[in-house]
$ cat run_16.txt   # compact mmCIF, C-alpha atoms and all ligand atoms
# COMPACT_ATOMS: atom_id res chain seq x y z
CA MET C 1 0.00 0.00 0.00
CA HIS C 2 1.17 3.49 -0.72
CA ALA C 3 1.21 6.08 2.01
CA SER C 4 -1.49 8.67 1.46
CA HIS C 5 -0.58 12.05 0.05
CA LYS C 6 -1.08 13.67 3.45
CA SER C 7 0.88 11.13 5.45
CA HIS C 8 3.64 11.18 2.88
CA ARG C 9 4.03 14.94 3.31
CA ALA C 10 3.93 14.51 7.06
CA ASP C 11 6.70 11.92 6.79
CA VAL C 12 8.88 14.32 4.87
CA GLY C 13 8.23 17.09 7.42
CA GLN C 14 8.89 14.88 10.41
CA GLY C 15 12.00 13.59 8.72
CA SER C 16 13.47 17.06 8.33
CA GLN C 17 12.80 17.73 12.00
CA ARG C 18 14.25 14.39 13.07
CA ALA C 19 17.68 16.01 12.69
CA ARG C 20 19.14 13.74 10.04
CA THR C 21 22.71 14.97 10.29
CA PRO C 22 24.57 16.34 7.26
CA GLU C 23 26.87 13.33 7.61
CA ASP C 24 23.87 10.93 7.35
CA THR C 25 22.60 12.68 4.28
CA ARG C 26 26.04 12.72 2.66
CA LYS C 27 26.41 9.01 3.30
CA TYR C 28 22.97 8.43 1.85
CA CYS C 29 23.74 10.52 -1.21
CA ASN C 30 27.09 8.80 -1.75
CA LEU C 31 25.52 5.39 -1.40
CA ARG C 32 23.09 6.27 -4.10
CA GLY C 33 25.81 7.83 -6.24
CA LEU C 34 24.15 11.19 -6.22
CA ARG C 35 26.93 13.77 -5.98
CA MET C 36 24.56 16.17 -4.20
CA SER C 37 25.52 17.94 -0.98
CA ALA C 38 23.29 17.68 2.07
CA GLU C 39 22.44 21.36 1.73
CA THR C 40 21.39 20.99 -1.89
CA THR C 41 19.35 17.88 -1.12
CA LYS C 42 17.49 19.76 1.59
CA SER C 43 16.97 22.84 -0.61
CA LEU C 44 15.70 20.66 -3.44
CA LEU C 45 13.10 19.02 -1.20
CA THR C 46 11.94 22.41 0.12
CA HIS C 47 11.89 23.79 -3.41
CA ILE C 48 9.64 21.01 -4.71
CA GLU C 49 7.13 21.58 -1.92
CA GLU C 50 7.13 25.37 -2.18
CA HIS C 51 6.96 25.51 -5.97
CA ARG C 52 4.79 22.51 -6.69
CA ARG C 53 2.04 24.52 -8.39
CA GLU C 54 4.40 26.48 -10.65
CA LEU C 55 6.24 23.27 -11.56
CA ILE C 56 3.00 21.61 -12.59
CA GLY C 57 2.11 24.74 -14.55
CA SER C 58 5.47 24.76 -16.38
CA ALA C 59 5.27 21.07 -17.21
CA LEU C 60 1.71 21.47 -18.52
CA LYS C 61 2.68 24.51 -20.57
CA ALA C 62 5.58 22.66 -22.11
CA SER C 63 3.58 19.52 -22.79
CA SER C 64 1.73 19.11 -26.03
CA PHE C 65 -1.61 18.42 -24.34
CA GLY C 66 -4.20 20.92 -25.39
CA HIS C 67 -7.45 19.22 -24.60
CA TRP C 68 -8.75 19.52 -21.04
CA SER C 69 -8.74 15.80 -20.34
CA GLY C 70 -5.13 15.64 -21.45
CA THR C 71 -4.36 18.58 -19.19
CA VAL C 72 -5.95 16.87 -16.22
CA ALA C 73 -4.11 13.64 -16.95
CA SER C 74 -0.84 15.56 -17.26
CA SER C 75 -1.46 17.44 -14.03
CA LEU C 76 -2.29 14.21 -12.26
CA PHE C 77 0.82 12.62 -13.65
CA THR C 78 3.11 15.53 -12.79
CA ASN C 79 1.75 15.97 -9.27
CA THR C 80 2.14 12.29 -8.48
CA PHE C 81 5.56 12.26 -10.09
CA LEU C 82 6.68 15.13 -7.82
CA ASP C 83 5.36 13.29 -4.76
CA LYS C 84 7.23 10.15 -5.62
CA LEU C 85 10.39 12.03 -6.58
CA THR C 86 10.33 13.82 -3.20
CA LEU C 87 9.88 10.51 -1.45
CA GLU C 88 12.70 9.00 -3.41
CA ILE C 89 15.10 11.89 -2.70
CA TYR C 90 14.30 11.75 1.00
CA THR C 91 13.84 8.11 1.84
CA GLY C 92 15.31 6.25 -1.07
CA GLY C 93 11.91 4.77 -1.87
CA ARG C 94 13.04 4.16 -5.40
CA GLU C 95 11.35 0.82 -5.75
CA SER C 96 7.90 2.31 -5.27
CA LEU C 97 8.74 5.04 -7.76
CA GLU C 98 9.79 2.47 -10.31
CA ALA C 99 6.74 0.31 -9.69
CA TRP C 100 4.55 3.35 -10.09
CA CYS C 101 6.30 4.36 -13.30
CA ASP C 102 5.77 0.88 -14.69
CA ALA C 103 2.06 1.58 -14.61
CA ALA C 104 2.10 5.31 -15.21
CA SER C 105 1.07 4.96 -18.81
CA ASP C 106 -2.35 3.91 -17.54
CA THR C 107 -3.06 7.25 -15.84
CA GLY C 108 -4.45 8.69 -19.06
CA ALA C 109 -1.38 10.57 -20.31
CA ALA C 110 -0.40 7.39 -22.21
CA SER C 111 2.43 7.87 -24.67
CA GLU C 112 3.17 11.39 -23.41
CA CYS C 113 4.37 10.10 -19.99
CA PRO C 114 8.10 9.86 -20.78
CA ARG C 115 7.98 13.31 -22.31
CA LEU C 116 6.31 14.69 -19.18
CA VAL C 117 8.91 13.13 -16.89
CA VAL C 118 11.64 14.86 -18.85
CA LEU C 119 9.74 18.15 -19.01
CA THR C 120 8.96 18.13 -15.30
CA CYS C 121 12.59 17.45 -14.48
CA ALA C 122 13.63 20.27 -16.80
CA ALA C 123 11.12 22.67 -15.21
CA LEU C 124 12.28 21.66 -11.74
CA SER C 125 15.90 22.07 -12.64
CA ALA C 126 15.35 25.47 -14.27
CA SER C 127 13.28 26.89 -11.41
CA PHE C 128 15.72 25.56 -8.80
CA ALA C 129 18.65 27.03 -10.67
CA GLY C 130 16.86 30.37 -10.95
CA GLU C 131 16.29 30.55 -7.23
CA HIS C 132 19.46 28.99 -5.83
CA GLY C 133 21.97 29.46 -8.60
CA LEU C 134 23.21 25.90 -8.06
CA SER C 135 22.01 24.14 -11.13
CA GLU C 136 24.70 21.63 -12.03
CA GLU C 137 24.31 18.95 -9.38
CA VAL C 138 20.54 19.19 -9.40
CA PHE C 139 20.50 19.22 -13.16
CA SER C 140 22.62 16.07 -13.44
CA TYR C 141 20.58 14.28 -10.77
CA LEU C 142 17.29 15.15 -12.47
CA THR C 143 18.55 14.40 -15.94
CA GLU C 144 19.77 11.00 -14.85
CA ARG C 145 16.54 10.27 -12.98
CA GLY C 146 14.37 11.68 -15.74
CA ASN C 147 16.01 9.60 -18.46
CA GLU C 148 15.91 6.46 -16.37
CA LEU C 149 12.24 6.85 -15.53
CA ALA C 150 11.30 7.83 -19.04
CA GLN C 151 12.91 4.61 -20.27
CA ARG C 152 11.01 2.56 -17.72
CA ILE C 153 7.73 4.15 -18.73
CA GLU C 154 8.46 3.54 -22.38
CA LYS C 155 9.10 -0.12 -21.59
CA ALA C 156 5.85 -0.29 -19.57
CA ASP C 157 4.02 1.31 -22.47
CA ALA C 158 5.42 -1.30 -24.84
CA ALA C 159 4.39 -4.08 -22.43
CA ARG C 160 0.91 -2.62 -22.22
CA LYS C 161 0.65 -2.66 -26.00
CA HIS C 162 1.39 -6.36 -25.79
CA GLY C 163 -1.56 -6.88 -23.48
CA VAL C 164 0.13 -6.72 -20.06
CA HIS C 165 -2.23 -4.77 -17.83
CA VAL C 166 -1.51 -3.17 -14.46
CA ASP C 167 -4.44 -1.70 -12.52
CA PRO C 168 -3.53 1.97 -11.96
CA SER C 169 -5.87 2.24 -8.97
CA THR C 170 -3.49 0.01 -7.04
CA LEU C 171 -0.60 2.35 -7.71
CA VAL C 172 -2.02 5.85 -7.39
CA ASP C 173 -3.83 6.92 -4.20
CA ARG C 174 -7.28 8.36 -4.44
CA GLU C 175 -6.11 11.30 -2.36
CA ASP C 176 -3.30 11.97 -4.86
CA VAL C 177 -5.85 12.06 -7.63
CA VAL C 178 -8.19 14.41 -5.75
CA THR C 179 -5.29 16.74 -4.95
CA SER C 180 -4.22 16.77 -8.59
CA LEU C 181 -7.72 17.54 -9.79
CA LEU C 182 -8.01 20.40 -7.30
CA VAL C 183 -4.64 21.80 -8.35
CA THR C 184 -5.80 21.73 -11.96
CA LEU C 185 -9.04 23.46 -11.05
CA GLU C 186 -7.21 26.02 -8.93
CA ALA C 187 -4.77 26.79 -11.74
CA ARG C 188 -7.77 27.56 -13.92
CA ASP C 189 -9.86 29.42 -11.36
CA PRO C 190 -8.83 29.83 -7.70
CA GLU C 191 -12.34 30.90 -6.69
CA THR C 192 -13.91 27.69 -8.00
CA ALA C 193 -11.33 25.61 -6.13
CA GLU C 194 -12.03 27.46 -2.86
CA HIS C 195 -15.75 27.00 -3.41
CA ALA C 196 -15.18 23.27 -4.05
CA LYS C 197 -13.44 22.78 -0.70
CA ALA C 198 -16.15 24.73 1.16
CA VAL C 199 -18.92 22.73 -0.53
CA GLY C 200 -17.14 19.51 0.47
CA ALA C 201 -17.13 20.65 4.10
CA TRP C 202 -20.82 21.60 3.95
CA CYS C 203 -21.74 18.25 2.39
CA ARG C 204 -20.05 16.45 5.27
CA ARG C 205 -21.97 18.61 7.80
CA ILE C 206 -25.29 18.02 6.06
CA ALA C 207 -24.70 14.26 5.78
CA ARG C 208 -23.90 14.18 9.50
CA ALA C 209 -27.07 16.15 10.29
CA MET C 210 -29.01 13.61 8.21
CA HIS C 211 -27.51 10.85 10.40
CA LEU C 212 -25.81 9.11 7.49
CA ALA C 213 -23.06 6.60 8.32
CA THR C 214 -19.53 7.97 8.77
CA GLU C 215 -18.36 6.52 5.42
CA GLN C 216 -21.32 8.19 3.73
CA GLN C 217 -20.39 11.50 5.36
CA GLU C 218 -16.87 11.18 3.95
CA PHE C 219 -18.24 10.19 0.58
CA ALA C 220 -20.54 13.24 0.62
CA ALA C 221 -17.50 15.43 1.33
CA LEU C 222 -15.67 13.89 -1.63
CA CYS C 223 -18.67 14.43 -3.93
CA GLY C 224 -18.89 18.06 -2.78
CA THR C 225 -15.19 18.67 -3.27
CA LEU C 226 -15.27 17.32 -6.82
CA HIS C 227 -18.72 18.55 -7.88
CA ASP C 228 -17.43 21.28 -10.21
CA VAL C 229 -14.33 19.51 -11.48
CA GLY C 230 -15.83 19.63 -15.00
CA LYS C 231 -15.25 23.39 -14.94
CA VAL C 232 -11.70 22.70 -16.09
CA SER C 233 -13.39 22.61 -19.49
CA THR C 234 -15.37 25.86 -19.07
CA PRO C 235 -13.70 28.89 -20.69
CA ARG C 236 -12.23 31.29 -18.11
CA GLU C 237 -14.07 34.29 -19.60
CA ILE C 238 -17.37 32.56 -18.88
CA ILE C 239 -16.49 31.54 -15.32
CA ASN C 240 -15.34 35.07 -14.51
CA LYS C 241 -17.87 37.06 -16.53
CA PRO C 242 -19.06 40.00 -14.42
CA GLY C 243 -22.67 39.94 -15.60
CA PRO C 244 -25.40 37.66 -16.89
CA LEU C 245 -24.44 34.94 -19.36
CA ASN C 246 -25.94 34.71 -22.85
CA GLU C 247 -27.54 31.53 -24.20
CA ASP C 248 -24.36 30.06 -25.69
CA GLU C 249 -22.39 30.83 -22.57
CA TRP C 250 -25.01 29.10 -20.45
CA ALA C 251 -24.77 26.04 -22.69
CA ASP C 252 -20.99 25.98 -22.08
CA MET C 253 -21.49 26.47 -18.37
CA HIS C 254 -24.14 23.72 -18.18
CA ALA C 255 -21.79 21.23 -19.82
CA HIS C 256 -19.57 21.12 -16.70
CA SER C 257 -21.64 18.54 -14.81
CA ARG C 258 -21.55 16.05 -17.72
CA VAL C 259 -17.90 16.73 -18.41
CA GLY C 260 -16.97 16.29 -14.73
CA ALA C 261 -18.79 12.96 -14.53
CA LYS C 262 -17.16 11.74 -17.73
CA LEU C 263 -13.75 12.64 -16.42
CA LEU C 264 -14.31 10.88 -13.08
CA GLU C 265 -15.67 7.76 -14.78
CA ARG C 266 -12.21 7.35 -16.31
CA ILE C 267 -10.47 7.35 -12.93
CA PRO C 268 -10.91 3.95 -11.27
CA SER C 269 -10.72 5.19 -7.66
CA LEU C 270 -13.25 7.99 -8.28
CA LYS C 271 -15.77 6.30 -10.55
CA GLY C 272 -18.32 6.16 -7.71
CA VAL C 273 -18.43 9.96 -7.45
CA ALA C 274 -19.48 10.42 -11.09
CA PRO C 275 -23.30 10.08 -10.64
CA ALA C 276 -23.37 12.77 -7.93
CA VAL C 277 -21.29 15.08 -10.09
CA ARG C 278 -23.46 14.51 -13.15
CA SER C 279 -26.68 15.23 -11.24
CA HIS C 280 -25.71 18.08 -8.91
CA HIS C 281 -27.72 20.59 -10.97
CA GLU C 282 -30.86 18.50 -11.14
CA ARG C 283 -33.86 19.97 -9.31
CA TRP C 284 -36.35 18.23 -7.01
CA ASP C 285 -39.20 19.35 -9.32
CA GLY C 286 -37.52 17.89 -12.44
CA LYS C 287 -36.60 21.24 -14.01
CA GLY C 288 -32.83 20.88 -13.63
CA TYR C 289 -30.11 19.53 -15.91
CA PRO C 290 -28.66 17.50 -17.61
CA ASP C 291 -31.23 14.66 -17.36
CA ARG C 292 -34.29 16.43 -15.83
CA LEU C 293 -34.43 13.85 -13.04
CA CYS C 294 -37.08 14.36 -10.40
CA GLY C 295 -37.28 13.76 -6.61
CA ASP C 296 -35.77 10.45 -5.50
CA GLU C 297 -34.55 9.71 -9.02
CA ILE C 298 -31.74 12.14 -8.25
CA PRO C 299 -28.92 10.37 -6.37
CA LEU C 300 -28.95 11.34 -2.67
CA MET C 301 -25.38 12.65 -2.81
CA ALA C 302 -26.30 14.92 -5.72
CA ARG C 303 -29.24 16.29 -3.71
CA ILE C 304 -26.89 17.05 -0.80
CA VAL C 305 -24.31 18.66 -3.10
CA ALA C 306 -27.02 20.80 -4.77
CA VAL C 307 -27.99 22.36 -1.44
CA ALA C 308 -24.42 22.80 -0.16
CA ASP C 309 -23.42 24.32 -3.52
CA ALA C 310 -26.29 26.82 -3.58
CA PHE C 311 -25.91 27.73 0.09
CA HIS C 312 -22.19 28.44 -0.16
CA ALA C 313 -22.60 30.27 -3.49
CA MET C 314 -25.29 32.53 -2.03
CA ALA C 315 -23.25 33.29 1.06
CA SER C 316 -20.13 34.19 -0.98
CA ARG C 317 -19.21 37.33 -2.90
CA HIS C 318 -19.12 36.99 -6.70
CA ASN C 319 -18.09 39.14 -9.66
CA TYR C 320 -21.74 39.57 -10.48
CA ARG C 321 -23.17 40.19 -7.00
CA GLU C 322 -22.43 40.72 -3.33
CA ALA C 323 -22.77 37.92 -0.78
CA LEU C 324 -26.16 37.41 0.86
CA SER C 325 -26.34 37.49 4.65
CA LEU C 326 -26.63 34.07 6.31
CA SER C 327 -30.23 34.77 7.16
CA ARG C 328 -31.15 35.72 3.56
CA ALA C 329 -29.31 32.68 2.19
CA VAL C 330 -31.30 30.45 4.55
CA ASP C 331 -34.52 32.24 3.47
CA ALA C 332 -33.67 31.43 -0.16
CA LEU C 333 -33.14 27.76 0.69
CA VAL C 334 -36.46 27.63 2.48
CA ALA C 335 -38.16 29.29 -0.51
CA GLY C 336 -36.85 26.51 -2.76
CA ARG C 337 -37.62 23.67 -0.35
CA GLY C 338 -39.60 21.06 -2.25
CA THR C 339 -39.28 22.81 -5.60
CA GLN C 340 -35.57 23.23 -6.28
CA TRP C 341 -34.22 21.14 -3.41
CA ASP C 342 -34.98 18.00 -1.45
CA PRO C 343 -36.99 19.06 1.66
CA THR C 344 -35.10 16.59 3.87
CA VAL C 345 -31.76 18.11 2.91
CA ILE C 346 -33.02 21.65 3.50
CA ASP C 347 -34.33 20.61 6.91
CA ALA C 348 -30.89 19.25 7.76
CA VAL C 349 -29.36 22.67 6.95
CA LEU C 350 -31.99 24.41 9.04
CA GLY C 351 -31.04 22.11 11.91
CA ILE C 352 -27.35 23.01 11.45
CA VAL C 353 -27.94 26.78 11.44
CA GLY C 354 -30.28 26.44 14.43
CA ARG C 355 -33.39 27.55 12.67
CA GLU C 356 -36.66 25.67 12.74
CA PRO C 357 -38.72 25.87 9.54
CA ARG C 358 -41.95 27.83 10.06
CA VAL C 359 -44.95 26.13 8.51
CA THR C 360 -45.73 29.19 6.39
CA GLU C 361 -42.23 29.00 4.91
CA LEU C 362 -42.71 25.49 3.62
CA ARG C 363 -43.95 24.99 0.11
CA PRO C 364 -45.74 21.83 -0.94
CA VAL C 365 -43.74 19.18 -2.76
CA PRO C 366 -44.95 19.08 -6.40
CA LYS C 367 -45.09 15.28 -6.50
CA ASN C 368 -47.34 15.29 -3.45
CA PRO C 369 -49.37 18.54 -3.50
CA SER C 370 -51.55 17.47 -0.58
CA GLY C 371 -48.55 17.06 1.71
CA SER C 372 -47.53 19.82 4.13
FE FE I 1 -21.83 23.04 -10.66
$ encode --input "run_16.txt" --output "structure tokens" --more "lines below"
Ligand SMILES: [Fe+2]
Amino acid sequence: MHASHKSHRADVGQGSQRARTPEDTRKYCNLRGLRMSAETTKSLLTHIEEHRRELIGSALKASSFGHWSGTVASSLFTNTFLDKLTLEIYTGGRESLEAWCDAASDTGAASECPRLVVLTCAALSASFAGEHGLSEEVFSYLTERGNELAQRIEKADAARKHGVHVDPSTLVDREDVVTSLLVTLEARDPETAEHAKAVGAWCRRIARAMHLATEQQEFAALCGTLHDVGKVSTPREIINKPGPLNEDEWADMHAHSRVGAKLLERIPSLKGVAPAVRSHHERWDGKGYPDRLCGDEIPLMARIVAVADAFHAMASRHNYREALSLSRAVDALVAGRGTQWDPTVIDAVLGIVGREPRVTELRPVPKNPSGS
């Protein structure tokens, strides 16, 4: 099993504090034939962590991927590559890096993987040199590592073409994938990424208030965090437009739920999130999109995401309007209870914000007009 993204970072941090002496590091570097001083090794590790986002950006820019799905695959690949490279530099976990590279061609970047390894190493080397002015030892280390890994990936690619299959879900952590997707989304639009994290947190709260099992609460958080991942395909001008959208722009905007689901369906460890992502803009009364599902036909997680999404969006400031007060945002949720949103989910939010629904606030559910 691989360590999770979080625990892996924690390991690196704890390691630096564990006072590995310069002598230890030198010995380690010599053993591995690295010709890098302890100081440089330490600076390189810090550099990777501090500049991760720019490094991913440079590698993506230099790669030939133009289409969004290629960009996501490249980002996923580069982010995971940087994780494993850090681990390898620090702990000598080269075997896991090699095993991972053997299957890297299955992450979606396919034949571009070797090229991305080389490009990421080049970007890392260039940015490190720019900041520290010590390029040679880092450059030779990365070149050597980059070439070696690129060769391994090429071999794995060739094996795959001959029918040898390795399940990528066993080699890349789900958390790594989620982080990569969020980094991609953030690079495109920081506001959407912030919103995604907040919606994830609200989904967890709502699921807890609905007394769902702990795993379901975590799953709700994951669905909320990834609900807008399809916006990596929405043009920036549309996302940031300071005013109402025209018909064509709405069509582009509406595509994000389908696109997000399609993308997640391709990632083995996140397949299960796809239905919630596809349906998070459906409405309880059947007037939503993309499938005009109605009531219980809409997956429960999508109904939770829909409320968390709307609630956080209303309570946040946007280019096109100021934030609503908490009380007005709750009023809007109550107004859409049973028309736009699942009444049970709205009631859970009312419970969280400490407000009991007044009978006069409650609208009848269209499917059951005689109900209260
Ligand atoms: Fe959305």
$ closest_residue --input "run_16.txt" --among "C:Cys121, C:Val178, C:Leu87, C:Met301" --to "Glu282 of chain C" --atoms "only C-alpha atoms"
C:Met301
$ closest_atom_pairs --input "run_16.txt" --of "chain C" --to "ligand FE 1 (chain I)" --cutoff "9 Å" --atoms "only C-alpha atoms and all ligand atoms" --output "CSV"
residue,atom,partner,partner_atom,distance
C:His227,CA,I:FE1,FE,6.1
C:Asp228,CA,I:FE1,FE,4.8
C:Val229,CA,I:FE1,FE,8.3
C:Gly230,CA,I:FE1,FE,8.2
C:Lys231,CA,I:FE1,FE,7.9
C:Met253,CA,I:FE1,FE,8.4
C:His254,CA,I:FE1,FE,7.9
C:His256,CA,I:FE1,FE,6.7
C:Ser257,CA,I:FE1,FE,6.1
C:Val277,CA,I:FE1,FE,8.0
C:His280,CA,I:FE1,FE,6.5
C:His281,CA,I:FE1,FE,6.4
C:Ala306,CA,I:FE1,FE,8.2
C:Asp309,CA,I:FE1,FE,7.4
$ residues_around --input "run_16.txt" --residues "segment 138-145 of chain C" --least-positions-apart "5" --cutoff "9 Å" --atoms "all atoms listed in the file" --output "number ranges by chain"
C: 34-36, 40-41, 44, 118, 121-122, 124-126, 128-129, 150
$ closest_residue --input "run_16.txt" --among "C:Leu324, C:Ala313, C:Ala308, C:Ala329" --to "Thr225 of chain C" --atoms "all atoms listed in the file"
C:Ala308
$ atom_distance --input "run_16.txt" --atom1 "atom CA of Ala198 of chain C" --atom2 "atom CA of Ala310 of chain C"
11.4 Å
$ atom_distance --input "run_16.txt" --atom1 "atom CA of Leu185 of chain C" --atom2 "atom CA of Ala315 of chain C"
21.1 Å
